[in-house]
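Text of query.txt (compact mmCIF, C-alpha atoms) as supplied:
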```txt
# COMPACT_ATOMS: atom_id res chain seq x y z
CA MET A 1 -6.43 21.66 6.26
CA ALA A 2 -3.62 23.91 5.03
CA SER A 3 -3.53 26.83 7.41
CA GLY A 4 -0.66 28.99 8.62
CA GLU A 5 -1.30 28.40 12.31
CA LEU A 6 -1.21 24.60 12.20
CA THR A 7 1.19 23.17 14.78
CA SER A 8 3.02 19.93 14.06
CA GLY A 9 1.08 18.11 16.78
CA ALA A 10 -2.22 19.26 15.33
CA TYR A 11 -1.09 18.24 11.81
CA ILE A 12 -0.24 14.73 13.02
CA LYS A 13 -3.49 14.38 14.93
CA HIS A 14 -5.44 15.60 11.91
CA HIS A 15 -3.89 12.91 9.72
CA LEU A 16 -4.66 10.22 12.27
CA GLN A 17 -8.39 10.90 12.44
CA ASN A 18 -10.82 8.83 10.42
CA LEU A 19 -13.89 10.26 8.71
CA THR A 20 -16.51 9.20 11.24
CA TYR A 21 -20.25 9.17 10.56
CA GLY A 22 -22.38 8.59 13.61
CA GLU A 23 -24.99 9.80 16.04
CA PHE A 24 -24.24 13.00 17.95
CA PRO A 25 -25.17 13.22 21.65
CA ASP A 26 -28.21 15.33 20.83
CA GLY A 27 -29.56 12.63 18.49
CA HIS A 28 -28.91 13.85 14.93
CA TRP A 29 -26.66 11.91 12.54
CA GLY A 30 -23.72 13.47 10.73
CA PHE A 31 -19.98 13.54 10.21
CA ALA A 32 -17.82 14.27 13.24
CA HIS A 33 -15.97 17.57 13.12
CA SER A 34 -13.28 16.78 15.67
CA ALA A 35 -11.57 13.83 17.30
CA ALA A 36 -13.44 14.44 20.56
CA GLU A 37 -16.79 14.41 18.74
CA ALA A 38 -15.84 11.20 16.96
CA LYS A 39 -15.05 9.55 20.27
CA GLU A 40 -18.39 10.62 21.72
CA MET A 41 -20.21 8.88 18.92
CA GLY A 42 -19.29 5.61 20.55
CA PHE A 43 -19.23 2.18 19.03
CA MET A 44 -21.96 2.45 16.41
CA ALA A 45 -20.19 5.02 14.26
CA PHE A 46 -18.90 4.30 10.76
CA HIS A 47 -15.45 5.11 9.47
CA VAL A 48 -16.65 6.14 6.05
CA ASP A 49 -13.17 6.56 4.57
CA THR A 50 -12.08 3.03 5.56
CA LEU A 51 -15.31 1.51 4.26
CA GLY A 52 -15.13 3.53 1.04
CA PHE A 53 -11.53 2.82 0.13
CA SER A 54 -11.63 -0.87 1.00
CA PHE A 55 -14.85 -1.34 -0.99
CA VAL A 56 -13.54 0.54 -4.03
CA LEU A 57 -10.24 -1.36 -4.03
CA GLY A 58 -11.98 -4.70 -3.61
CA ALA A 59 -14.39 -3.90 -6.44
CA LEU A 60 -11.51 -2.82 -8.69
CA PHE A 61 -9.63 -6.05 -7.99
CA LEU A 62 -12.68 -8.22 -8.71
CA PHE A 63 -13.56 -6.29 -11.87
CA PHE A 64 -10.09 -6.48 -13.41
CA PHE A 65 -9.44 -10.10 -12.51
CA ALA A 66 -12.86 -11.22 -13.70
CA ARG A 67 -12.33 -9.38 -16.97
CA ALA A 68 -8.94 -11.02 -17.45
CA ALA A 69 -10.56 -14.41 -16.89
CA LYS A 70 -13.41 -13.73 -19.34
CA LYS A 71 -11.15 -12.40 -22.08
CA ALA A 72 -8.54 -15.12 -21.59
CA SER A 73 -7.10 -16.45 -24.85
CA ILE A 74 -4.68 -19.34 -25.23
CA ASP A 75 -2.98 -18.25 -28.44
CA ALA A 76 -2.40 -14.56 -27.80
CA PRO A 77 -2.48 -13.78 -24.10
CA SER A 78 -2.39 -10.08 -23.31
CA GLY A 79 0.14 -8.64 -20.87
CA PHE A 80 -2.44 -8.29 -18.14
CA GLN A 81 -3.62 -11.85 -18.60
CA ASN A 82 -0.04 -13.07 -18.16
CA PHE A 83 0.26 -11.01 -15.01
CA VAL A 84 -2.98 -12.40 -13.56
CA GLU A 85 -1.95 -15.94 -14.49
CA SER A 86 1.42 -15.57 -12.77
CA ILE A 87 -0.30 -14.34 -9.61
CA VAL A 88 -2.78 -17.22 -9.67
CA ASP A 89 0.10 -19.68 -10.17
CA PHE A 90 1.96 -18.17 -7.23
CA ILE A 91 -1.08 -18.50 -4.95
CA ASP A 92 -1.72 -22.03 -6.22
CA GLU A 93 1.85 -23.06 -5.40
CA ASN A 94 1.56 -21.65 -1.89
CA VAL A 95 -1.79 -23.31 -1.20
CA ARG A 96 -0.52 -26.65 -2.48
CA GLY A 97 2.49 -26.36 -0.21
CA SER A 98 0.56 -25.72 3.00
CA PHE A 99 -2.97 -27.06 2.61
CA SER A 100 -3.49 -30.79 2.71
CA GLY A 101 -7.28 -31.00 2.89
CA LYS A 102 -9.96 -30.93 0.24
CA ASN A 103 -11.70 -27.59 -0.02
CA PRO A 104 -12.16 -25.65 -3.26
CA MET A 105 -12.70 -22.42 -1.34
CA VAL A 106 -9.24 -22.06 0.17
CA ALA A 107 -7.31 -20.99 -2.93
CA PRO A 108 -9.77 -18.22 -3.96
CA LEU A 109 -9.82 -17.12 -0.30
CA ALA A 110 -6.02 -16.90 -0.34
CA LEU A 111 -6.04 -14.99 -3.65
CA THR A 112 -8.64 -12.49 -2.43
CA THR A 113 -6.88 -11.99 0.89
CA PHE A 114 -3.51 -11.43 -0.73
CA ILE A 115 -4.49 -9.08 -3.55
CA TRP A 116 -6.97 -7.08 -1.48
CA ILE A 117 -4.45 -6.50 1.33
CA VAL A 118 -1.71 -5.61 -1.19
CA LEU A 119 -4.02 -3.04 -2.80
CA MET A 120 -5.09 -1.56 0.53
CA ASN A 121 -1.52 -1.40 1.86
CA THR A 122 -0.22 0.19 -1.36
CA MET A 123 -2.45 3.20 -0.70
CA ASP A 124 0.18 4.06 1.93
CA LEU A 125 2.66 4.86 -0.83
CA VAL A 126 0.53 7.74 -2.11
CA PRO A 127 2.01 10.98 -0.68
CA VAL A 128 0.44 11.82 2.66
CA ASP A 129 -1.29 15.07 1.71
CA TRP A 130 -2.44 14.42 -1.86
CA LEU A 131 -5.76 12.63 -1.40
CA PRO A 132 -6.74 14.45 1.83
CA SER A 133 -6.25 17.87 0.17
CA LEU A 134 -8.15 16.70 -2.90
CA PHE A 135 -11.07 15.63 -0.73
CA ALA A 136 -10.79 18.73 1.48
CA ALA A 137 -11.44 20.80 -1.64
CA MET A 138 -14.75 18.90 -1.86
CA GLY A 139 -15.53 19.63 1.79
CA VAL A 140 -14.43 16.36 3.43
CA GLU A 141 -12.60 17.27 6.63
CA TYR A 142 -10.73 14.14 7.63
CA LEU A 143 -9.46 11.35 5.40
CA LYS A 144 -7.29 8.35 6.11
CA VAL A 145 -6.58 6.66 2.80
CA VAL A 146 -5.11 3.37 4.04
CA PRO A 147 -7.92 1.09 5.25
CA THR A 148 -5.49 -1.31 6.94
CA THR A 149 -4.31 1.39 9.33
CA ASP A 150 -7.80 1.24 10.82
CA PRO A 151 -7.94 -1.66 13.29
CA ASN A 152 -11.63 -2.03 12.39
CA ALA A 153 -10.67 -3.14 8.87
CA THR A 154 -8.01 -5.65 9.96
CA PHE A 155 -10.19 -7.06 12.72
CA GLY A 156 -13.07 -7.30 10.28
CA MET A 157 -10.98 -9.53 8.05
CA SER A 158 -9.52 -11.61 10.85
CA ILE A 159 -12.89 -12.17 12.56
CA GLY A 160 -14.20 -13.37 9.21
CA ILE A 161 -11.29 -15.81 9.01
CA PHE A 162 -11.98 -16.86 12.63
CA ILE A 163 -15.60 -17.65 11.77
CA LEU A 164 -14.34 -19.75 8.85
CA ILE A 165 -11.89 -21.58 11.15
CA LEU A 166 -14.68 -22.41 13.61
CA TYR A 167 -17.08 -23.44 10.84
CA TYR A 168 -14.64 -25.78 9.11
CA SER A 169 -13.32 -27.19 12.39
CA VAL A 170 -16.83 -28.19 13.41
CA LYS A 171 -17.70 -29.38 9.89
CA GLU A 172 -14.63 -31.59 9.49
CA LYS A 173 -14.23 -32.88 13.03
CA GLY A 174 -17.80 -32.70 14.29
CA LEU A 175 -18.80 -30.59 17.28
CA GLY A 176 -17.75 -33.33 19.70
CA GLY A 177 -14.40 -33.74 17.99
CA PHE A 178 -13.71 -30.02 18.02
CA LEU A 179 -14.64 -29.63 21.70
CA GLY A 180 -12.67 -32.76 22.49
CA GLU A 181 -9.60 -31.25 20.90
CA LEU A 182 -10.05 -28.11 22.96
CA THR A 183 -10.44 -29.95 26.25
CA LEU A 184 -8.29 -33.07 25.92
CA HIS A 185 -5.07 -31.68 24.43
CA PRO A 186 -2.23 -31.59 25.41
CA PHE A 187 -2.85 -33.19 28.80
CA GLY A 188 -5.37 -35.94 29.59
CA LYS A 189 -8.97 -35.45 30.74
CA TRP A 190 -8.04 -34.94 34.38
CA MET A 191 -6.42 -31.61 33.52
CA LEU A 192 -9.44 -30.29 31.65
CA PRO A 193 -9.32 -26.68 32.95
CA ALA A 194 -5.63 -26.35 32.07
CA ASN A 195 -6.24 -27.81 28.61
CA LEU A 196 -9.18 -25.52 27.97
CA PHE A 197 -7.19 -22.49 29.05
CA LEU A 198 -4.16 -23.30 26.88
CA GLU A 199 -6.15 -24.29 23.83
CA GLY A 200 -8.52 -21.33 24.29
CA VAL A 201 -5.65 -18.87 24.34
CA ASN A 202 -4.16 -20.59 21.30
CA LEU A 203 -7.47 -20.35 19.43
CA LEU A 204 -8.10 -16.70 20.32
CA ALA A 205 -4.52 -15.66 19.59
CA LYS A 206 -5.05 -16.54 15.93
CA PRO A 207 -7.46 -13.79 14.85
CA VAL A 208 -6.04 -11.25 17.33
CA SER A 209 -2.44 -11.67 16.20
CA LEU A 210 -3.49 -11.76 12.53
CA ALA A 211 -5.33 -8.45 12.81
CA LEU A 212 -2.87 -6.63 15.05
CA ARG A 213 0.22 -7.70 13.11
CA LEU A 214 -1.11 -6.13 9.92
CA PHE A 215 -2.46 -3.08 11.78
CA GLY A 216 0.78 -2.47 13.72
CA ASN A 217 2.97 -2.68 10.62
CA MET A 218 0.78 -0.36 8.56
CA TYR A 219 0.08 2.13 11.36
CA ALA A 220 3.77 2.46 12.19
CA GLY A 221 4.61 2.91 8.50
CA GLU A 222 1.98 5.57 8.00
CA MET A 223 3.07 7.33 11.17
CA ILE A 224 6.64 7.57 9.90
CA PHE A 225 5.37 8.93 6.56
CA ILE A 226 3.41 11.63 8.44
CA LEU A 227 6.46 12.51 10.56
CA ILE A 228 8.66 12.74 7.45
CA ALA A 229 6.02 14.99 5.86
CA LEU A 230 6.63 17.49 8.66
CA LEU A 231 10.22 18.07 7.53
CA PRO A 232 11.10 21.02 5.25
CA PHE A 233 10.74 20.25 1.57
CA TRP A 234 14.46 20.42 0.74
CA ILE A 235 15.31 17.51 3.05
CA GLN A 236 12.19 15.39 2.79
CA TRP A 237 13.32 13.36 -0.21
CA SER A 238 16.42 12.04 1.54
CA LEU A 239 14.21 10.28 4.11
CA SER A 240 10.95 9.60 2.38
CA LEU A 241 12.51 7.87 -0.64
CA PRO A 242 14.41 5.14 1.29
CA TRP A 243 11.46 4.67 3.64
CA ALA A 244 9.02 4.35 0.75
CA ILE A 245 11.24 1.77 -0.95
CA PHE A 246 11.50 -0.21 2.30
CA HIS A 247 7.77 0.12 2.79
CA ILE A 248 7.09 -1.57 -0.56
CA LEU A 249 8.77 -4.66 0.86
CA ILE A 250 6.72 -4.42 4.07
CA VAL A 251 3.46 -4.02 2.11
CA LEU A 252 4.04 -7.19 0.09
CA LEU A 253 5.51 -9.14 3.00
CA GLN A 254 2.62 -8.42 5.38
CA ALA A 255 0.03 -9.33 2.77
CA PHE A 256 1.93 -12.54 2.04
CA ILE A 257 2.20 -13.42 5.74
CA PHE A 258 -1.53 -12.80 6.24
CA MET A 259 -2.33 -15.07 3.30
CA THR A 260 0.09 -17.80 4.41
CA LEU A 261 -1.32 -17.81 7.93
CA VAL A 262 -4.88 -17.97 6.58
CA ILE A 263 -3.92 -21.06 4.55
CA VAL A 264 -2.16 -22.64 7.55
CA TYR A 265 -5.14 -22.00 9.86
CA MET A 266 -7.53 -23.47 7.29
CA ASP A 267 -5.24 -26.52 7.08
CA MET A 268 -5.24 -26.88 10.86
CA ALA A 269 -9.03 -26.65 10.88
CA HIS A 270 -9.32 -29.46 8.32
CA GLN A 271 -6.97 -31.92 9.97
CA LYS A 272 -8.53 -34.93 11.63
CA GLU A 273 -5.28 -36.34 12.94
CA HIS A 274 -6.22 -37.15 16.54
CA MET B 1 2.44 14.63 35.10
CA GLU B 2 0.08 12.39 33.17
CA GLN B 3 1.66 13.54 29.91
CA SER B 4 5.13 12.52 31.12
CA ILE B 5 3.96 9.09 32.22
CA LEU B 6 2.30 8.53 28.86
CA PHE B 7 5.52 9.45 27.07
CA LEU B 8 7.48 7.08 29.30
CA ALA B 9 4.97 4.29 28.71
CA GLY B 10 5.15 4.68 24.94
CA SER B 11 8.95 4.73 24.95
CA ILE B 12 9.35 1.70 27.22
CA LEU B 13 6.84 -0.20 25.08
CA MET B 14 8.74 0.54 21.90
CA GLY B 15 12.16 -0.04 23.48
CA LEU B 16 11.38 -3.48 24.83
CA GLY B 17 9.73 -4.44 21.56
CA ALA B 18 12.83 -3.33 19.66
CA LEU B 19 15.00 -5.40 22.01
CA GLY B 20 13.01 -8.54 21.37
CA ALA B 21 12.87 -8.02 17.62
CA ALA B 22 16.58 -7.29 17.38
CA VAL B 23 17.64 -10.40 19.28
CA GLY B 24 15.21 -12.62 17.41
CA ILE B 25 16.13 -11.40 13.95
CA GLY B 26 19.81 -11.46 14.81
CA ILE B 27 19.62 -15.16 15.65
CA LEU B 28 17.50 -15.77 12.54
CA GLY B 29 20.02 -14.00 10.32
CA ALA B 30 22.91 -15.90 11.86
CA ARG B 31 21.26 -19.24 11.11
CA PHE B 32 20.53 -18.09 7.56
CA ILE B 33 24.17 -17.20 6.95
CA GLU B 34 25.24 -20.51 8.45
CA GLY B 35 22.87 -22.40 6.18
CA ALA B 36 23.97 -20.36 3.19
CA ALA B 37 27.61 -21.17 3.93
CA ARG B 38 26.84 -24.89 4.08
CA GLN B 39 24.76 -25.00 0.90
CA PRO B 40 25.19 -21.92 -1.32
CA GLU B 41 22.92 -23.35 -4.00
CA LEU B 42 19.93 -23.09 -1.62
CA ILE B 43 20.42 -19.37 -0.93
CA PRO B 44 17.31 -18.11 -2.83
CA MET B 45 15.00 -20.55 -1.05
CA LEU B 46 16.60 -19.89 2.34
CA ARG B 47 16.32 -16.16 1.78
CA THR B 48 12.58 -16.44 1.06
CA GLN B 49 12.04 -18.54 4.17
CA MET B 50 14.08 -16.08 6.23
CA PHE B 51 11.86 -13.20 5.21
CA ILE B 52 8.74 -15.18 6.02
CA VAL B 53 9.97 -16.10 9.50
CA MET B 54 11.19 -12.54 10.00
CA GLY B 55 7.63 -11.34 9.43
CA LEU B 56 6.41 -13.70 12.15
CA VAL B 57 9.19 -12.87 14.67
CA ASP B 58 8.49 -9.20 14.04
CA ALA B 59 4.76 -9.58 14.71
CA VAL B 60 4.50 -8.86 18.44
CA PRO B 61 7.23 -6.15 18.40
CA MET B 62 5.37 -4.51 15.49
CA ILE B 63 2.12 -4.62 17.44
CA ALA B 64 4.03 -2.96 20.31
CA VAL B 65 5.36 -0.28 17.91
CA GLY B 66 1.85 0.39 16.58
CA ILE B 67 0.36 0.78 20.06
CA SER B 68 3.30 2.87 21.28
CA MET B 69 3.01 5.24 18.29
CA TYR B 70 -0.68 5.58 19.07
CA ILE B 71 0.10 6.40 22.72
CA LEU B 72 2.87 8.85 21.85
CA PHE B 73 1.05 10.81 19.18
CA ALA B 74 -2.68 10.37 19.43
CA VAL B 75 -3.04 10.16 23.21
CA ALA B 76 -0.15 12.16 24.63
CA GLY B 77 0.02 14.71 21.81
```
As structure tokens, what does this structure read like?
Amino acid sequence: MASGELTSGAYIKHHLQNLTYGEFPDGHWGFAHSAAEAKEMGFMAFHVDTLGFSFVLGALFLFFFARAAKKASIDAPSGFQNFVESIVDFIDENVRGSFSGKNPMVAPLALTTFIWIVLMNTMDLVPVDWLPSLFAAMGVEYLKVVPTTDPNATFGMSIGIFILILYYSVKEKGLGGFLGELTLHPFGKWMLPANLFLEGVNLLAKPVSLALRLFGNMYAGEMIFILIALLPFWIQWSLSLPWAIFHILIVLLQAFIFMTLVIVYMDMAHQKEH
Amino acid sequence: MEQSILFLAGSILMGLGALGAAVGIGILGARFIEGAARQPELIPMLRTQMFIVMGLVDAVPMIAVGISMYILFAVAG
């Protein structure tokens, strides 16, 4: 990875390539050694770095929060327990504000979404070359440490949310009610094609915008970090420090927006107003 | 030739996205300041709401920035 002849374009492209495990054209399975090879692997290839980092961060979050819950004490709460409690209160407040139905799954869903995305996004604040060089010493060629810069990760989450929206819409309104809403709003039944088109676009825009909003923000942020990393070392700090501080805000804001929209979509799926 | 068109495409994409985001957030900020001038005691709440709506207004321009960065660096090189 660190070689004297590396051009800036090649450096950027190297940092934008995921660790892809898939089937080569001649039939054997292995890690791709270049971007062209990764593309040839097609759809059924795995981005091992995305899967690995998102799994590890999710497991860490679950382990620590579960431990705080098990060791919770009323008389002498530890610092970490206070921290976890304040986060749970924050999520609770937000869910109460936006969700008017009756579903015990929504608040834990919001908590998981928020904390997991915050953890994944915060990986962007680790200096660009640290983890890739560490892994390169162990023989891993490409590494992208921020799972949310991979559209596969963000679409994975938003498609999961979409499935939940469809499931709860049908469960609360019945299949007839749900289809009726799609075909009879906002105009009457004589404009059924127009209704279906408008409502269909509205329905599909939800997971697509959810995924791409998070992806676009994180990809652009990471890209700027990579570009700043190309500057000589004596001027890097003047740019990377303000950008990193601004990026902390973006990290938290995007996770919060994702969570708020998940709660609002769940609320819309539970409403039986019409 | 193809390289130049890709560069142009990425730049136009980002430029128009920036235009939309700037106008939208400008209007949003103006309303926030107006509201803050009317009721200074609500400033913390209004500020929170402003950031939330800013995240939503920024969504499609941010998607455009993400795609344009991809075009400019990963496709056009």
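Here CA of Ser73 (chain A) is placed at a distance of 26.6 Å from CA of Val118 (chain A).
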Can you tell me which residues surround Val75 (chain B) at a distance of at most 9 Å, considering all atoms listed in the file, apart from same-chain residues fewer than 5 positions away, and format the answer as a list of chain:residue names? B:Gln3, B:Leu6, B:Tyr70
What's around Ser98 (chain A) at 9 Å? Count only C-alpha atoms, leave out sequence neighbours fewer than 2 positions away in its own chain, and write the answer as a PDB file with C-alpha atoms, in the frame of the given file.
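File part.pdb, as written:
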```pdb
ATOM      1  CA  GLU A  93       1.850 -23.060  -5.400  1.00  0.00           C
ATOM      2  CA  ASN A  94       1.560 -21.650  -1.890  1.00  0.00           C
ATOM      3  CA  VAL A  95      -1.790 -23.310  -1.200  1.00  0.00           C
ATOM      4  CA  ARG A  96      -0.520 -26.650  -2.480  1.00  0.00           C
ATOM      5  CA  SER A 100      -3.490 -30.790   2.710  1.00  0.00           C
ATOM      6  CA  THR A 260       0.090 -17.800   4.410  1.00  0.00           C
ATOM      7  CA  ILE A 263      -3.920 -21.060   4.550  1.00  0.00           C
ATOM      8  CA  VAL A 264      -2.160 -22.640   7.550  1.00  0.00           C
ATOM      9  CA  ASP A 267      -5.240 -26.520   7.080  1.00  0.00           C
TER      10      ASP A 267
END
```
Could you please select, counting only C-alpha atoms, the residues of chain A within 8 Å of chain B and state them as a list in words?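 Here is what falls inside 8 Å: Gly9, Ile12, Lys13, Leu16, Ser209, Leu212, Arg213, Phe215, Gly216, Asn217, Tyr219, Ala220, Met223, Leu253, Gln254 and Ile257 of chain A.
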Which residues, written as number ranges by chain, have at least one atom at most 9 Å from region 32-39 of chain A, with only C-alpha atoms counted and residues fewer than 3 positions away on the same chain left out? A: 13-14, 17-25, 42-43, 45, 141-142
Just give me the gap between CA of Asp92 (chain A) and CA of Ala72 (chain A) in Å, one decimal is fine. 18.2 Å
Calculated over only C-alpha atoms, which of the candidates B:Val23, B:Leu8, B:Leu28, B:Met14 has the smallest distance to Gln49 (chain B)?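 Smallest separation from Gln49 (chain B) among the options: B:Leu28.
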Any idea what the distance is between CA of Thr148 (chain A) and CA of Met218 (chain A)? 6.5 Å
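Using only C-alpha atoms, the shortest contact distance between Ile27 (chain B) and any of B:Ile12, B:Pro44, B:Met50, B:Glu2 is found at B:Met50.
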Give the centre and edge lengths of an axis-aligned box, in Å to one decimal, that holds all listed atoms of region 52-66 of chain B with 6 Å on each side, as AutoDock Vina command-line options.
```
--center_x 6.5 --center_y -7.9 --center_z 13.2 --size_x 21.3 --size_y 28.5 --size_z 26.3
```
List the neighbours of Glu222 (chain A) out to 9 Å using all atoms listed in the file; skip same-chain residues closer than 5 positions along the sequence, and give me the result as a PDB file with C-alpha atoms, in the frame of the given file.
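Once written, result27.pdb looks like this:
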```pdb
ATOM      1  CA  ASP A 124       0.180   4.060   1.930  1.00  0.00           C
ATOM      2  CA  LEU A 125       2.660   4.860  -0.830  1.00  0.00           C
ATOM      3  CA  VAL A 128       0.440  11.820   2.660  1.00  0.00           C
ATOM      4  CA  VAL A 146      -5.110   3.370   4.040  1.00  0.00           C
ATOM      5  CA  THR A 149      -4.310   1.390   9.330  1.00  0.00           C
ATOM      6  CA  ASN A 217       2.970  -2.680  10.620  1.00  0.00           C
ATOM      7  CA  LEU A 227       6.460  12.510  10.560  1.00  0.00           C
TER       8      LEU A 227
END
```
